Amino acid sequence: MPIAVVAEPSSGLKAEDAGALWRLHSEAATTDAFLHTWLALQCSMIAGAVRGVLILGAPDAGPYVPVSLWPTGQAASPLLAEAAGRTLEARHGLIVQGLPYAAVTCPVLVDGQLHGLVAVETSLQQEAALQELVRQLQWGLYGIESSLRSQQSLQEQTTRERLIATLDLVASVLAEEGFEAAAQTLATDLAIRLDCDRVSIGFVRDQHARVVAVSHSADFGERMNLTRAIGTAMDEALDQKSIIVLPQRQGEVLVTRDHAALARLYGSDSVLTVPFSVGEASRGAFTFERPAGRPFDADAVELCQAVVALCSRILEAKRLNDRFLLSRVQDAAREELVKFTGPRHFGRKLAAFLLLAAAVFFSFATGEYKVGANASLEGSVRRVLVAPFDGYVANAAHRAGDVVAAGAVLATLDERDLKLEYYKWASQRAQYAKQYQEAMAQHDRAQSSIVLAQMQQAEAQMNLLADQLARTQITAPFGGLVVSGDLSQSLGTSVKRGQVLFEVSPLNAYRVVLEVDEGEISNVVAGQSGSLLLTSIPGEVFPFLITHLTPIAVSREGRSYFRVEALLGRTSDRLRPGMEGVAKIEVGRRKLIWIGTHKLVDWLRLTLWSRI
């Protein structure tokens with residue numbers, strides 16, 4: 001690994017004895033002085049030491065550079081550079097023999113991470129002496145490791161304090177419901193925590209920063225000159241898309257004219273402006289002001305950046321939520337217009353073009369418009385079979401769902417009571433016939449007339465009972481399907497005259513009953529054709545022709561529909577009454593855009609009419 005060789009400037013160390021070195025080492029006020037005196041002590045205690053170097057860098061990352069050289073002002077020799085490079089690659093100490101000197105190196109490892117190394121060039125050549133030198137350097141490195149651990153601990157403490165301060169400020173912003181209150185609270189808290197005379201928060205509006213909050217000042221509108229100067233300074237940072245610190249840090253080349261004017265007019269010689277962005281657009285900036293004696297150091301700048309990065313998004317969200325609805329619509333429309341007309345966003349522009357092309361296409365292209373409706377099959381004729389007289393069920397040969405032939409016996413009523421009644425009237429007729437003959441033999445006209453009438457009455461009763469006996473068998477009037485009726489579980493029960501026992505429909509003649517929604521009934525007229533797809537036969541489509549529209553709406557399950565009847569164009573042996581499916585009525589050709597939007601347009605018209 002290559003090592004950058006840098007000459008160490010003279011530290012002014014002129015002590016020649018170990019006591020003076022130890023005193024300077026213990027009194028070192030800076031890290032550089034501590035490291036320089038440490039290397040000098042180590043080299044002064046090593047017999048034959050010619051020169052030494054201490055190299056440090058970021059843990060396991062580098063770059064590793066010399067932080068101290070001994071003797072002061074001398075560059076590291078090629079032997080030391082080679083030994084240091086090999087040590088950084090191997091991550092362990094090495095002894096590199098050379099003439100007339102040898103180099104000894106030890107890596108600086110803290111918690112397994114390589115921070116650097118120390119290398120000493122010595123005139124010693126004996127193996128035992130060089131091993132002893134290695135052990136001495138290892139013991140001495142505990143001081144360096146302790147110093148590095150102290151620096152890490154200090155950095156972690158600083159990071160924790162910065163995180164706690166940031167979270168406290170975020171919590172104070174979240175505690176406020178409105179945007180203005182949150183901005184004012186954040187500005188005041190920042191001024192107190194960062195020891196600032198004034199903290200201002202601005203948001204971009206009409207391409208310029210507008211101050212929305214100033215610390216310790218709920219009403220800053222009257223100080224127009226101040227807010228204008230702060231806004232101009234924010235614009236200066238936003239235009240350059242960079243943090244501006246006044247006085248400028250070494251090496252920075254930024255325009256600070258407006259910041260200098262703000263400092264000159266209002267006495268805050270130390271000014272820091274941190275712009276922030278949401279997404280790809282610049283949204284605003286924070287301006288921090290201090291007097292000349294308290295400039296913004298690197299830690300303060302980092303803390304301000306962290307706070308601005310978190311709190312700016314929260315403030316932006318609150319600002320957007322506090323806008324009026326019209327402002328939200330305008331801002332959204334403006335953003336979309338910028339995306340459509342500006343650079344990038346190719347996918348969005350392509351999608352808009354395709355959407356526009358689709359709208360144009362659907363506005364001129366036409367298609368067949370079909371009205372959908374739930375449909376069911378019914379037989380064209382439904383014959384009702386009722387009980388011809390009061391009686392009892394003797395047997396039931398068929399029930400609902402059976403296919404029967406014409407004349408098939410569906411059920412039989414008990415005829416025993418009818419036969420007994422028939423025999424009774426037959427016996428009475430025989431008696432009346434005998435009485436009639438006797439009256440005729442006696443030439444008793446009055447009695448013969450009475451007996452003849454009684455005999456005719458008995459004959460009428462016999463004829464009635466004979467007809468009833470002939471109708472004890474309930475037969476199918478034609479071949480078809482028994483739609484309803486099941487007496488198999490009611491044998492022996494009584495039935496009343498006129499009671500419906502069975503319903504039979506033919507299997508070769510059907511009609512389709514459609515439930516057309518009330519919003520579509522105006523498009524349906526008699527004579528239109530359509531197609532029917534049944535749930536039980538999804539692979540076959542049946543044509544139909546509309547014959548009748550019922551002008552009465554029926555409400556069911558929260559919707560209203562009209563009953564429309566149609567004749568089926570063809571039949572199939574698989575069809576059965578009661579089957580349900582979906583029907584499509586061919587209304588005619590319409591614009592595709594009308595087909596897709598007319599229901600929504602009708603609903604909007606009705607809603608607006610009812611509301612206005």
# chains A, B, ... in the order shown; residues from 1 in each chain; ligands from 1
>>> select_by_dssp(residues="stretch 115-150 of chain A", states="helix (DSSP H, G or I)", output="PyMOL selection string")
chain A and resi 127-150
>>> residues_around(residues="A:Thr547", least_positions_apart="3", cutoff="7 Å", atoms="only C-alpha atoms", output="ChimeraX atom specification")
/A:526-527,565-567
>>> write_last_selection(atoms="C-alpha atoms", output="PDB file, in the first residue's frame")
ATOM      1  CA  ALA A 526     -89.354  -5.150 -28.641  1.00  0.00           C
ATOM      2  CA  GLY A 527     -87.760  -6.808 -31.642  1.00  0.00           C
ATOM      3  CA  GLU A 565     -89.633 -11.364 -22.000  1.00  0.00           C
ATOM      4  CA  ALA A 566     -87.961 -12.929 -25.034  1.00  0.00           C
ATOM      5  CA  LEU A 567     -88.279 -16.080 -27.100  1.00  0.00           C
TER       6      LEU A 567
END
>>> residues_around(residues="stretch 194-201 of chain A", least_positions_apart="5", cutoff="6 Å", atoms="only C-alpha atoms", output="ChimeraX atom specification")
/A:187,211-215,286-290
>>> residues_around(residues="A:Ala408", least_positions_apart="5", cutoff="12 Å", atoms="only C-alpha atoms", output="list in words")
Ala396, Ala397, His398, Arg399, Asp402, Val403, Gln473, Ile474, Thr475, Ala476, Pro477, Phe478, Gly479, Gly480, Leu481, Val482 and Val504 of chain A
>>> select_by_dssp(residues="stretch 134-254 of chain A", states="strand (DSSP E or B)", output="mmCIF file with N, CA and C atoms, in the first residue's frame")
data_model
loop_
_atom_site.group_PDB
_atom_site.id
_atom_site.type_symbol
_atom_site.label_atom_id
_atom_site.label_comp_id
_atom_site.auth_asym_id
_atom_site.auth_seq_id
_atom_site.Cartn_x
_atom_site.Cartn_y
_atom_site.Cartn_z
ATOM 1 N N ARG A 198 -30.564 35.459 16.282
ATOM 2 C CA ARG A 198 -31.794 35.386 15.479
ATOM 3 C C ARG A 198 -31.706 34.173 14.553
ATOM 4 N N VAL A 199 -32.804 33.443 14.430
ATOM 5 C CA VAL A 199 -32.943 32.339 13.484
ATOM 6 C C VAL A 199 -34.188 32.599 12.661
ATOM 7 N N SER A 200 -34.049 32.515 11.353
ATOM 8 C CA SER A 200 -35.174 32.790 10.447
ATOM 9 C C SER A 200 -35.399 31.579 9.546
ATOM 10 N N ILE A 201 -36.664 31.361 9.242
ATOM 11 C CA ILE A 201 -37.056 30.247 8.369
ATOM 12 C C ILE A 201 -37.807 30.832 7.181
ATOM 13 N N GLY A 202 -37.401 30.431 5.972
ATOM 14 C CA GLY A 202 -38.061 30.932 4.769
ATOM 15 C C GLY A 202 -38.418 29.813 3.820
ATOM 16 N N PHE A 203 -39.498 30.014 3.065
ATOM 17 C CA PHE A 203 -39.947 29.054 2.049
ATOM 18 C C PHE A 203 -40.040 29.770 0.712
ATOM 19 N N VAL A 204 -39.751 29.023 -0.332
ATOM 20 C CA VAL A 204 -39.782 29.581 -1.675
ATOM 21 C C VAL A 204 -41.216 29.791 -2.119
ATOM 22 N N ARG A 205 -41.489 30.996 -2.595
ATOM 23 C CA ARG A 205 -42.807 31.321 -3.135
ATOM 24 C C ARG A 205 -42.595 32.268 -4.317
ATOM 25 N N HIS A 208 -38.913 33.040 -5.110
ATOM 26 C CA HIS A 208 -38.131 33.823 -4.151
ATOM 27 C C HIS A 208 -38.434 33.324 -2.745
ATOM 28 N N ALA A 209 -37.430 33.427 -1.876
ATOM 29 C CA ALA A 209 -37.611 32.997 -0.490
ATOM 30 C C ALA A 209 -38.421 34.041 0.269
ATOM 31 N N ARG A 210 -39.424 33.580 0.987
ATOM 32 C CA ARG A 210 -40.264 34.447 1.813
ATOM 33 C C ARG A 210 -40.132 33.988 3.270
ATOM 34 N N VAL A 211 -39.768 34.912 4.147
ATOM 35 C CA VAL A 211 -39.576 34.590 5.563
ATOM 36 C C VAL A 211 -40.941 34.300 6.191
ATOM 37 N N VAL A 212 -41.050 33.113 6.833
ATOM 38 C CA VAL A 212 -42.316 32.724 7.467
ATOM 39 C C VAL A 212 -42.219 32.710 8.979
ATOM 40 N N ALA A 213 -40.996 32.709 9.539
ATOM 41 C CA ALA A 213 -40.856 32.695 10.998
ATOM 42 C C ALA A 213 -39.505 33.292 11.372
ATOM 43 N N VAL A 214 -39.509 34.100 12.454
ATOM 44 C CA VAL A 214 -38.295 34.685 13.009
ATOM 45 C C VAL A 214 -38.313 34.406 14.509
ATOM 46 N N SER A 217 -40.007 36.378 17.853
ATOM 47 C CA SER A 217 -40.807 37.452 17.264
ATOM 48 C C SER A 217 -42.019 36.834 16.581
ATOM 49 N N ILE A 244 -23.849 28.710 3.011
ATOM 50 C CA ILE A 244 -23.010 29.917 3.054
ATOM 51 C C ILE A 244 -22.733 30.251 4.517
ATOM 52 N N VAL A 245 -21.457 30.349 4.849
ATOM 53 C CA VAL A 245 -21.020 30.699 6.197
ATOM 54 C C VAL A 245 -20.237 32.002 6.119
ATOM 55 N N LEU A 246 -20.592 32.915 6.970
ATOM 56 C CA LEU A 246 -19.901 34.201 7.047
ATOM 57 C C LEU A 246 -19.379 34.378 8.476
#
